[in-house]
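Asker: Structure supplied as upload_23.tsv; contents: TSV, C-alpha atoms and all ligand atoms.
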```
chain	number	residue	atom	x	y	z
U	1	MET	CA	2.80	-18.68	27.93
U	2	PRO	CA	5.53	-17.03	25.84
U	3	ILE	CA	5.25	-13.28	25.30
U	4	ASP	CA	3.72	-13.03	21.84
U	5	LEU	CA	5.43	-10.38	19.71
U	6	ARG	CA	4.69	-11.91	16.31
U	7	SER	CA	2.28	-9.14	15.37
U	8	ASP	CA	-0.06	-6.48	16.74
U	9	THR	CA	-2.89	-8.66	15.39
U	10	VAL	CA	-2.56	-11.19	18.24
U	11	THR	CA	-4.50	-9.08	20.76
U	12	ARG	CA	-7.72	-10.40	22.30
U	13	PRO	CA	-10.78	-8.25	22.86
U	14	SER	CA	-10.85	-6.73	26.35
U	15	PRO	CA	-13.83	-7.28	28.69
U	16	GLU	CA	-15.01	-3.70	27.90
U	17	MET	CA	-14.82	-4.39	24.17
U	18	ARG	CA	-16.68	-7.68	24.58
U	19	ALA	CA	-19.38	-5.87	26.55
U	20	VAL	CA	-20.06	-3.38	23.74
U	21	MET	CA	-20.09	-6.27	21.25
U	22	ALA	CA	-22.66	-8.16	23.32
U	23	ALA	CA	-24.84	-5.07	23.59
U	24	ALA	CA	-24.55	-3.97	19.93
U	25	GLU	CA	-27.72	-3.13	18.07
U	26	VAL	CA	-27.71	-5.09	14.82
U	27	GLY	CA	-29.61	-5.56	11.56
U	28	ASP	CA	-28.91	-6.97	8.12
U	29	ASP	CA	-26.07	-4.87	6.73
U	30	VAL	CA	-26.62	-6.10	3.17
U	31	PHE	CA	-29.96	-4.23	3.42
U	32	ARG	CA	-27.95	-1.46	5.13
U	33	ASP	CA	-30.08	-2.03	8.19
U	34	ASP	CA	-27.32	-2.51	10.73
U	35	PRO	CA	-27.24	0.66	12.84
U	36	THR	CA	-23.85	-0.15	14.38
U	37	VAL	CA	-22.18	-0.71	11.00
U	38	ASN	CA	-23.78	2.50	9.74
U	39	ARG	CA	-22.48	4.36	12.78
U	40	LEU	CA	-18.99	2.93	12.30
U	41	GLU	CA	-18.91	3.88	8.62
U	42	GLU	CA	-20.07	7.43	9.39
U	43	ARG	CA	-17.51	7.79	12.15
U	44	VAL	CA	-14.66	6.41	10.02
U	45	ALA	CA	-15.59	8.77	7.18
U	46	GLU	CA	-15.46	11.64	9.67
U	47	VAL	CA	-12.12	10.59	11.18
U	48	LEU	CA	-10.61	10.18	7.69
U	49	GLY	CA	-12.20	13.37	6.32
U	50	LYS	CA	-13.84	11.44	3.48
U	51	GLU	CA	-17.41	11.53	2.13
U	52	ALA	CA	-17.97	7.87	2.91
U	53	ALA	CA	-16.46	4.69	4.30
U	54	LEU	CA	-17.08	0.96	3.95
U	55	TYR	CA	-16.57	-1.72	6.60
U	56	VAL	CA	-14.73	-4.76	5.24
U	57	PRO	CA	-13.57	-8.06	6.79
U	58	SER	CA	-9.83	-7.49	6.30
U	59	GLY	CA	-7.22	-4.97	5.29
U	60	THR	CA	-6.34	-7.12	2.33
U	61	MET	CA	-9.90	-6.83	1.07
U	62	GLY	CA	-9.94	-3.09	1.75
U	63	ASN	CA	-6.77	-2.54	-0.28
U	64	GLN	CA	-7.79	-4.81	-3.12
U	65	LEU	CA	-11.26	-3.27	-3.39
U	66	CYS	CA	-9.66	0.15	-3.75
U	67	LEU	CA	-7.24	-1.06	-6.42
U	68	LYS	CA	-10.09	-2.78	-8.27
U	69	ALA	CA	-12.40	0.22	-8.15
U	70	HIS	CA	-9.66	2.59	-9.40
U	71	SER	CA	-8.53	0.59	-12.40
U	72	ARG	CA	-9.08	-1.59	-15.45
U	73	PRO	CA	-7.11	-4.74	-16.32
U	74	GLY	CA	-3.73	-3.88	-17.81
U	75	ASP	CA	-3.39	-0.61	-15.92
U	76	SER	CA	-0.30	-0.01	-13.82
U	77	VAL	CA	0.19	0.59	-10.11
U	78	ILE	CA	3.34	2.30	-8.89
U	79	ALA	CA	4.25	1.04	-5.43
U	80	HIS	CA	7.12	0.17	-3.15
U	81	ALA	CA	8.68	-3.22	-3.95
U	82	GLN	CA	7.91	-4.41	-0.41
U	83	ALA	CA	4.45	-2.90	-0.15
U	84	HIS	CA	1.93	-5.08	1.66
U	85	ILE	CA	-0.36	-4.97	-1.40
U	86	LEU	CA	2.38	-6.65	-3.46
U	87	PHE	CA	4.31	-8.69	-0.92
U	88	TYR	CA	1.65	-10.06	1.43
U	89	GLU	CA	-1.62	-10.12	-0.53
U	90	THR	CA	-1.23	-13.31	-2.59
U	91	GLY	CA	-0.58	-11.55	-5.90
U	92	ALA	CA	-4.13	-10.17	-5.74
U	93	PRO	CA	-3.46	-6.94	-7.71
U	94	CYS	CA	-2.50	-9.15	-10.67
U	95	ALA	CA	-4.99	-11.97	-10.03
U	96	ILE	CA	-8.05	-9.85	-9.27
U	97	SER	CA	-7.52	-6.50	-10.98
U	98	GLY	CA	-5.05	-7.41	-13.74
U	99	LEU	CA	-2.75	-4.63	-12.56
U	100	GLN	CA	0.84	-4.36	-13.67
U	101	PRO	CA	3.04	-3.45	-10.69
U	102	ARG	CA	5.81	-0.89	-11.33
U	103	VAL	CA	8.04	-0.90	-8.28
U	104	ILE	CA	10.55	1.22	-6.40
U	105	ASP	CA	12.68	-0.27	-3.62
U	106	SER	CA	14.16	1.58	-0.65
U	107	GLU	CA	15.20	0.88	2.93
U	108	ASP	CA	12.45	2.91	4.58
U	109	GLY	CA	9.41	2.13	2.43
U	110	THR	CA	9.21	5.64	1.01
U	111	PHE	CA	10.10	7.01	-2.43
U	112	THR	CA	10.54	10.36	-4.06
U	113	VAL	CA	8.69	12.19	-6.82
U	114	GLU	CA	11.74	11.62	-9.06
U	115	GLN	CA	11.60	7.86	-8.49
U	116	ALA	CA	7.88	7.73	-9.22
U	117	ALA	CA	8.29	9.99	-12.25
U	118	ALA	CA	10.86	7.60	-13.71
U	119	LEU	CA	8.16	4.89	-13.85
U	120	ILE	CA	5.57	6.96	-15.71
U	121	THR	CA	5.25	5.67	-19.26
U	122	PRO	CA	4.24	7.77	-22.27
U	123	ALA	CA	0.62	7.65	-23.42
U	124	ASN	CA	0.84	5.60	-26.61
U	125	ILE	CA	-0.17	2.15	-27.82
U	126	HIS	CA	2.91	0.45	-26.34
U	127	HIS	CA	2.41	0.99	-22.64
U	128	SER	CA	0.01	0.17	-19.84
U	129	HIS	CA	-2.09	3.07	-18.63
U	130	ASN	CA	-0.54	4.75	-15.60
U	131	ARG	CA	-3.37	4.58	-13.08
U	132	ILE	CA	-2.50	4.31	-9.39
U	133	VAL	CA	0.26	5.33	-7.02
U	134	ALA	CA	0.05	3.33	-3.78
U	135	VAL	CA	1.79	4.38	-0.57
U	136	GLU	CA	1.94	2.61	2.79
U	137	ASN	CA	2.08	4.49	6.10
U	138	THR	CA	3.41	3.16	8.39
U	139	HIS	CA	5.38	0.74	6.26
U	140	ASN	CA	5.12	-2.82	7.58
U	141	ARG	CA	8.10	-4.57	5.95
U	142	CYS	CA	10.32	-1.56	6.36
U	143	GLY	CA	10.04	-1.62	10.15
U	144	GLY	CA	6.94	0.46	10.79
U	145	ALA	CA	8.55	3.49	9.20
U	146	VAL	CA	6.58	6.73	8.94
U	147	TRP	CA	6.69	8.73	5.71
U	148	PRO	CA	8.32	12.14	6.15
U	149	TYR	CA	5.31	14.39	5.72
U	150	GLU	CA	6.71	16.65	2.98
U	151	ARG	CA	7.81	13.68	0.93
U	152	PHE	CA	4.40	12.07	1.32
U	153	ALA	CA	2.58	15.24	0.27
U	154	SER	CA	4.86	15.78	-2.73
U	155	VAL	CA	4.43	12.21	-4.02
U	156	CYS	CA	0.65	12.54	-3.67
U	157	GLY	CA	0.73	15.92	-5.42
U	158	PHE	CA	2.76	14.41	-8.24
U	159	ALA	CA	0.27	11.53	-8.66
U	160	HIS	CA	-2.56	14.02	-9.00
U	161	GLU	CA	-0.65	16.21	-11.47
U	162	GLN	CA	-0.28	13.08	-13.59
U	163	GLY	CA	-3.99	12.30	-13.31
U	164	LEU	CA	-3.31	9.19	-11.20
U	165	MET	CA	-5.23	7.87	-8.21
U	166	LEU	CA	-3.44	7.91	-4.89
U	167	HIS	CA	-4.16	4.95	-2.64
U	168	LEU	CA	-3.01	5.02	0.97
U	169	ASP	CA	-2.60	1.68	2.72
U	170	GLY	CA	-3.08	2.96	6.24
U	171	ALA	CA	-3.39	-0.36	8.06
U	172	ARG	CA	-1.24	1.37	10.70
U	173	LEU	CA	-2.07	4.97	9.89
U	174	TRP	CA	-3.03	5.27	13.56
U	175	ASN	CA	0.58	4.54	14.50
U	176	ALA	CA	1.87	7.15	12.05
U	177	CYS	CA	-0.46	9.69	13.68
U	178	ALA	CA	0.56	8.72	17.22
U	179	ALA	CA	4.25	8.92	16.33
U	180	THR	CA	4.02	12.35	14.71
U	181	GLY	CA	1.20	13.96	16.68
U	182	THR	CA	-0.83	14.41	13.50
U	183	GLU	CA	-4.51	13.86	12.73
U	184	PRO	CA	-5.44	11.16	10.19
U	185	THR	CA	-6.79	13.88	7.88
U	186	ALA	CA	-3.32	15.41	7.59
U	187	TRP	CA	-2.43	12.32	5.56
U	188	THR	CA	-5.78	11.28	4.07
U	189	GLN	CA	-6.47	14.72	2.57
U	190	HIS	CA	-3.82	13.81	-0.03
U	191	ALA	CA	-5.31	10.40	-0.87
U	192	ASP	CA	-8.20	9.40	-3.13
U	193	SER	CA	-8.68	6.18	-1.22
U	194	VAL	CA	-7.48	4.91	2.12
U	195	ASN	CA	-7.60	1.61	3.96
U	196	VAL	CA	-7.38	1.47	7.76
U	197	CYS	CA	-7.36	-1.54	10.11
U	198	PHE	CA	-9.03	-2.00	13.50
U	199	SER	CA	-7.53	-5.45	14.04
U	200	LYS	CA	-3.91	-4.27	14.27
U	201	GLY	CA	-2.75	-1.86	16.95
U	202	LEU	CA	-6.29	-0.90	17.97
U	203	GLY	CA	-7.09	-4.35	19.34
U	204	ALA	CA	-10.37	-5.20	17.58
U	205	PRO	CA	-10.85	-8.88	16.71
U	206	ILE	CA	-11.82	-8.32	13.06
U	207	GLY	CA	-12.15	-5.68	10.44
U	208	SER	CA	-10.91	-2.79	8.39
U	209	ALA	CA	-12.52	0.08	6.56
U	210	LEU	CA	-11.86	1.95	3.35
U	211	GLY	CA	-12.69	5.59	2.74
U	212	GLY	CA	-13.12	7.82	-0.29
U	213	SER	CA	-15.71	9.77	-2.24
U	214	ARG	CA	-19.34	8.64	-2.01
U	215	GLU	CA	-19.29	7.37	-5.58
U	216	PHE	CA	-16.00	5.52	-5.11
U	217	VAL	CA	-17.23	3.84	-1.92
U	218	GLU	CA	-20.41	2.69	-3.72
U	219	ASP	CA	-18.20	1.11	-6.41
U	220	CYS	CA	-16.26	-0.64	-3.65
U	221	ARG	CA	-19.54	-1.83	-2.11
U	222	PHE	CA	-20.38	-3.48	-5.43
U	223	PHE	CA	-16.98	-5.16	-5.64
U	224	ARG	CA	-17.16	-6.17	-1.97
U	225	LYS	CA	-20.21	-8.26	-2.93
U	226	MET	CA	-18.26	-9.67	-5.88
U	227	PHE	CA	-15.42	-10.65	-3.52
U	228	GLY	CA	-17.94	-12.22	-1.12
U	229	GLY	CA	-17.16	-9.71	1.63
U	230	GLN	CA	-20.70	-8.56	2.41
U	231	MET	CA	-21.76	-9.40	5.95
U	232	ARG	CA	-25.13	-9.60	7.71
U	233	GLN	CA	-25.44	-8.71	11.44
U	234	ALA	CA	-21.92	-7.29	11.36
U	235	GLY	CA	-22.76	-4.78	14.09
U	236	ILE	CA	-21.39	-7.25	16.62
U	237	ILE	CA	-17.89	-6.83	15.22
U	238	ALA	CA	-18.39	-3.22	14.09
U	239	ALA	CA	-19.09	-2.37	17.75
U	240	ALA	CA	-15.59	-3.63	18.58
U	241	ALA	CA	-14.12	-1.53	15.79
U	242	LEU	CA	-15.94	1.58	17.03
U	243	TYR	CA	-14.74	0.92	20.56
U	244	ALA	CA	-11.18	0.44	19.30
U	245	LEU	CA	-11.31	3.65	17.27
U	246	GLU	CA	-12.49	5.74	20.21
U	247	HIS	CA	-10.47	4.16	23.04
U	248	ASN	CA	-7.26	2.65	21.71
U	249	ARG	CA	-5.64	5.26	19.48
U	250	GLU	CA	-4.12	7.54	22.08
U	251	ARG	CA	-2.36	4.72	23.89
U	252	LEU	CA	-0.34	3.72	20.80
U	253	VAL	CA	2.47	5.98	22.04
U	254	GLU	CA	2.96	3.39	24.82
U	255	ASP	CA	3.53	0.66	22.23
U	256	HIS	CA	6.08	2.89	20.54
U	257	ALA	CA	7.92	3.55	23.82
U	258	ASN	CA	7.88	-0.20	24.57
U	259	ALA	CA	9.30	-0.92	21.11
U	260	ARG	CA	12.16	1.51	21.79
U	261	LEU	CA	12.86	-0.18	25.14
U	262	LEU	CA	12.91	-3.61	23.50
U	263	ALA	CA	15.20	-2.34	20.74
U	264	ASP	CA	17.60	-0.80	23.27
U	265	ILE	CA	17.94	-4.06	25.19
U	266	VAL	CA	18.19	-6.34	22.16
U	267	GLY	CA	20.58	-3.96	20.42
U	268	GLN	CA	23.12	-4.47	23.22
U	269	ALA	CA	23.40	-8.20	22.55
U	270	PRO	CA	26.50	-9.21	20.61
U	271	GLY	CA	25.75	-10.36	17.07
U	272	LEU	CA	22.49	-8.41	16.75
U	273	ALA	CA	21.86	-5.04	15.13
U	274	VAL	CA	18.66	-3.15	15.84
U	275	ALA	CA	17.69	0.21	14.39
U	276	ALA	CA	15.66	2.56	16.59
U	277	PRO	CA	12.02	1.81	15.78
U	278	ALA	CA	9.86	4.67	14.49
U	279	THR	CA	6.65	3.06	15.79
U	280	ASN	CA	5.76	-0.39	17.18
U	281	ILE	CA	7.76	-2.66	14.85
U	282	VAL	CA	11.28	-3.69	15.82
U	283	MET	CA	13.52	-5.18	13.15
U	284	ILE	CA	16.30	-7.34	14.57
U	285	ASP	CA	19.16	-8.19	12.22
U	286	VAL	CA	21.50	-11.07	12.99
U	287	THR	CA	25.06	-9.97	12.24
U	288	ALA	CA	26.82	-12.97	13.82
U	289	PRO	CA	27.98	-15.08	10.87
U	290	ASN	CA	27.04	-18.49	12.26
U	291	VAL	CA	23.45	-17.80	13.42
U	292	THR	CA	20.30	-17.56	11.32
U	293	ALA	CA	17.10	-15.70	12.13
U	294	ALA	CA	15.21	-19.00	12.28
U	295	GLN	CA	17.68	-20.38	14.83
U	296	LEU	CA	17.28	-17.38	17.10
U	297	ALA	CA	13.47	-17.48	16.83
U	298	GLU	CA	13.56	-21.17	17.73
U	299	ALA	CA	16.02	-20.66	20.61
U	300	VAL	CA	13.86	-18.04	22.29
U	301	ALA	CA	10.45	-19.56	21.49
U	302	GLY	CA	9.83	-20.86	25.01
U	303	GLU	CA	9.86	-17.29	26.35
U	304	VAL	CA	9.05	-15.01	23.41
U	305	THR	CA	7.54	-15.63	20.00
U	306	ILE	CA	8.96	-13.48	17.21
U	307	LEU	CA	8.92	-14.00	13.46
U	308	ALA	CA	11.92	-14.69	11.26
U	309	ILE	CA	10.97	-12.63	8.19
U	310	GLY	CA	14.21	-13.11	6.29
U	311	PRO	CA	17.31	-15.33	6.54
U	312	ARG	CA	18.96	-12.82	8.90
U	313	ARG	CA	16.02	-10.67	10.00
U	314	LEU	CA	13.46	-11.05	12.77
U	315	ARG	CA	10.48	-8.91	13.58
U	316	ALA	CA	9.03	-8.11	17.00
U	317	VAL	CA	5.86	-6.05	17.28
U	318	THR	CA	4.56	-4.40	20.46
U	319	HIS	CA	0.83	-4.14	21.09
U	320	LEU	CA	-1.82	-3.51	23.73
U	321	ASP	CA	-1.63	-7.00	25.22
U	322	VAL	CA	2.05	-6.65	26.22
U	323	SER	CA	3.20	-4.42	29.08
U	324	ARG	CA	6.43	-2.52	29.47
U	325	THR	CA	7.61	-5.26	31.82
U	326	ASP	CA	6.78	-7.92	29.22
U	327	CYS	CA	8.82	-5.99	26.64
U	328	ARG	CA	11.78	-5.67	28.98
U	329	ARG	CA	11.63	-9.40	29.77
U	330	ALA	CA	11.27	-10.24	26.08
U	331	GLY	CA	14.30	-8.10	25.19
U	332	GLU	CA	16.39	-9.76	27.89
U	333	ALA	CA	15.30	-13.24	26.78
U	334	ILE	CA	16.25	-12.51	23.15
U	335	ALA	CA	19.63	-11.13	24.22
U	336	ARG	CA	20.25	-14.20	26.44
U	337	ALA	CA	19.25	-16.62	23.68
U	338	MET	CA	21.65	-14.88	21.31
U	339	GLN	CA	24.47	-15.10	23.84
U	340	ALA	CA	23.79	-18.82	24.24
U	341	LEU	CA	23.90	-19.32	20.47
U	342	THR	CA	27.13	-17.41	19.95
U	343	GLY	CA	28.59	-18.17	23.39
U	344	PRO	CA	32.18	-19.09	24.18
U	345	GLY	CA	32.94	-22.04	21.90
P	401	LIG	C1	-1.85	-6.10	8.03
P	401	LIG	C2	-1.75	-5.19	6.89
P	401	LIG	C3	-2.77	-5.13	5.92
P	401	LIG	C4	-4.01	-5.97	5.92
P	401	LIG	O1	-3.98	-7.14	6.57
P	401	LIG	P1	-5.18	-8.13	6.87
P	401	LIG	O2	-4.47	-9.18	7.61
P	401	LIG	O3	-5.74	-8.55	5.56
P	401	LIG	O4	-6.20	-7.39	7.68
P	401	LIG	C5	-2.62	-4.23	4.90
P	401	LIG	N1	-1.56	-3.43	4.83
P	401	LIG	C6	-0.58	-3.43	5.74
P	401	LIG	C7	0.53	-2.46	5.64
P	401	LIG	C8	-0.65	-4.32	6.81
P	401	LIG	O5	0.34	-4.32	7.71
```
Represent the structure of the file as structure tokens.
Ligand SMILES: *Cc1c(COP(=O)(O)O)cnc(C)c1O

Answerer:
Amino acid sequence: MPIDLRSDTVTRPSPEMRAVMAAAEVGDDVFRDDPTVNRLEERVAEVLGKEAALYVPSGTMGNQLCLKAHSRPGDSVIAHAQAHILFYETGAPCAISGLQPRVIDSEDGTFTVEQAAALITPANIHHSHNRIVAVENTHNRCGGAVWPYERFASVCGFAHEQGLMLHLDGARLWNACAATGTEPTAWTQHADSVNVCFSKGLGAPIGSALGGSREFVEDCRFFRKMFGGQMRQAGIIAAAALYALEHNRERLVEDHANARLLADIVGQAPGLAVAAPATNIVMIDVTAPNVTAAQLAEAVAGEVTILAIGPRRLRAVTHLDVSRTDCRRAGEAIARAMQALTGPG
């Protein structure tokens, strides 16, 4: 079996996680009778420092529920051009909420108050209503980058000065916390709504949660039904999420160290450029003129699976189902495959 570095979503539930799933107390969560879901939502609210939380099937749904509950059709959302909510969620902000995206691009997924301020339109009959600023931490498409804390806080402060809602896409907030030694509340205290995933680095099979004020979360509960995301005896999967939350956050530093090891090895191969990863996502850029990202992915596929996410860019993601040895072997295999592709004539 090739070492699977396509994403940190490819993990399988461990025997311990499966055991808590099998033993989970359940009820009908649409009647709010599932004790395990209730426990998860209370615990997530506590971890995020929010009044309430809502368990949802996916991070996409969590993000889109937050956008929907914050806005009316025609409102604007200021976000990074490569934000997951815009790039990887099927155009949902436009399709579902009628939001007009106003975007800022940058290498690291962050932006400044000045850049956000430049997108604020005057309040008159010509413009959409400025409504939401969305930030992503860590930033998926920008290589798992962590927002510098002061910049994050200042952008959130600016949004609030302007009367806007601040949404935090924290699918990998756990990684940002592990990388910086911060608590989730250090970040979430600045956000009106937050989405977090259990099915990424934490190793749960399914599920995300959103957090916010009690009233906001009740609005999201209504829209979750509209989106068809209500679930019945969801305690079976919520038990996995609870297990993941309590057991798999501290170990994320290992994924980050493994990502750095992989980057070091791959970065030594001729024709590849690799920036030091901030967390568990390694971006590999092909600099050799005659090789594409797709060719390299194909050449190494027997040993390692990685994604070509651009014509010259590949992504490798470390996670709890790959060891340090796996990451070393994967790095060596990628370097070897590149040598074979560029090799002497
Ligand atoms: C993965 C991800 C999501 C949500 O993904 P789902 O596959 O819908 O659970 C949201 N935001 C970011 C930044 C992500 O990486």

Asker: So, counting only C-alpha atoms, which residue among U:His160, U:Arg324, U:Arg172, U:Arg12 is closest to Arg260 of chain U?

Answerer: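 Nearest candidate to Arg260 of chain U out of U:His160, U:Arg324, U:Arg172, U:Arg12: U:Arg324.
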
Asker: Counting only C-alpha atoms, which residues sit no farther than 10 Å from the position (-12.0, -2.1, 16.6) in the file's frame? I'd like them as JSON, numbers by chain.

Answerer: {"U": [13, 17, 40, 197, 198, 199, 200, 201, 202, 203, 204, 205, 206, 207, 208, 237, 238, 239, 240, 241, 242, 243, 244, 245, 246, 247, 248]}

Asker: Give me the residues within 12 Å of His190 of chain U as a PDB file with C-alpha atoms, keeping the file's coordinate frame, counting all atoms listed in the file and dropping any in the same chain fewer than 2 places off.

Answerer:
```pdb
ATOM      1  CA  LEU U  48     -10.610  10.180   7.690  1.00  0.00           C
ATOM      2  CA  GLY U  49     -12.200  13.370   6.320  1.00  0.00           C
ATOM      3  CA  LYS U  50     -13.840  11.440   3.480  1.00  0.00           C
ATOM      4  CA  VAL U 133       0.260   5.330  -7.020  1.00  0.00           C
ATOM      5  CA  ALA U 134       0.050   3.330  -3.780  1.00  0.00           C
ATOM      6  CA  VAL U 135       1.790   4.380  -0.570  1.00  0.00           C
ATOM      7  CA  TYR U 149       5.310  14.390   5.720  1.00  0.00           C
ATOM      8  CA  GLU U 150       6.710  16.650   2.980  1.00  0.00           C
ATOM      9  CA  ARG U 151       7.810  13.680   0.930  1.00  0.00           C
ATOM     10  CA  PHE U 152       4.400  12.070   1.320  1.00  0.00           C
ATOM     11  CA  ALA U 153       2.580  15.240   0.270  1.00  0.00           C
ATOM     12  CA  SER U 154       4.860  15.780  -2.730  1.00  0.00           C
ATOM     13  CA  VAL U 155       4.430  12.210  -4.020  1.00  0.00           C
ATOM     14  CA  CYS U 156       0.650  12.540  -3.670  1.00  0.00           C
ATOM     15  CA  GLY U 157       0.730  15.920  -5.420  1.00  0.00           C
ATOM     16  CA  PHE U 158       2.760  14.410  -8.240  1.00  0.00           C
ATOM     17  CA  ALA U 159       0.270  11.530  -8.660  1.00  0.00           C
ATOM     18  CA  HIS U 160      -2.560  14.020  -9.000  1.00  0.00           C
ATOM     19  CA  MET U 165      -5.230   7.870  -8.210  1.00  0.00           C
ATOM     20  CA  LEU U 166      -3.440   7.910  -4.890  1.00  0.00           C
ATOM     21  CA  HIS U 167      -4.160   4.950  -2.640  1.00  0.00           C
ATOM     22  CA  LEU U 168      -3.010   5.020   0.970  1.00  0.00           C
ATOM     23  CA  PRO U 184      -5.440  11.160  10.190  1.00  0.00           C
ATOM     24  CA  THR U 185      -6.790  13.880   7.880  1.00  0.00           C
ATOM     25  CA  ALA U 186      -3.320  15.410   7.590  1.00  0.00           C
ATOM     26  CA  TRP U 187      -2.430  12.320   5.560  1.00  0.00           C
ATOM     27  CA  THR U 188      -5.780  11.280   4.070  1.00  0.00           C
ATOM     28  CA  ASP U 192      -8.200   9.400  -3.130  1.00  0.00           C
ATOM     29  CA  SER U 193      -8.680   6.180  -1.220  1.00  0.00           C
ATOM     30  CA  VAL U 194      -7.480   4.910   2.120  1.00  0.00           C
ATOM     31  CA  GLY U 212     -13.120   7.820  -0.290  1.00  0.00           C
TER      32      GLY U 212
END
```

Asker: What is the distance, in Å and to one decimal place, between atom CA of Leu164 of chain U and atom CA of Pro57 of chain U?

Answerer: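 Separation of atom CA of Leu164 of chain U and atom CA of Pro57 of chain U: 27.0 Å.
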
Asker: Taking 4 positions as the minimum chain separation for residues in the same chain, which residues sit within 8 Å of segment 334-341 of chain U when counting only C-alpha atoms? Answer as a list in words.

Answerer: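 Counting only the stated atoms, we get Ile265, Val266, Gln268, Ala269, Pro270, Gly271, Leu272, Val291, Leu296, Ala299, Val300, Val304 and Ala330 of chain U.
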
Asker: Write out the residues from the selection above, keeping C-alpha atoms, as a CSV table (one decimal), keeping the file's coordinate frame.

Answerer:
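File produced: part.csv:
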```csv
chain,number,residue,atom,x,y,z
U,265,ILE,CA,17.9,-4.1,25.2
U,266,VAL,CA,18.2,-6.3,22.2
U,268,GLN,CA,23.1,-4.5,23.2
U,269,ALA,CA,23.4,-8.2,22.6
U,270,PRO,CA,26.5,-9.2,20.6
U,271,GLY,CA,25.8,-10.4,17.1
U,272,LEU,CA,22.5,-8.4,16.8
U,291,VAL,CA,23.4,-17.8,13.4
U,296,LEU,CA,17.3,-17.4,17.1
U,299,ALA,CA,16.0,-20.7,20.6
U,300,VAL,CA,13.9,-18.0,22.3
U,304,VAL,CA,9.0,-15.0,23.4
U,330,ALA,CA,11.3,-10.2,26.1
```

Asker: Tell me which residues come within 10 Å of (-2.0, 3.7, -15.3), as a ChimeraX atom specification, counting all atoms listed in the file in the file's coordinates.

Answerer: /U:70-78,99-102,120-121,123,127-133,162-165
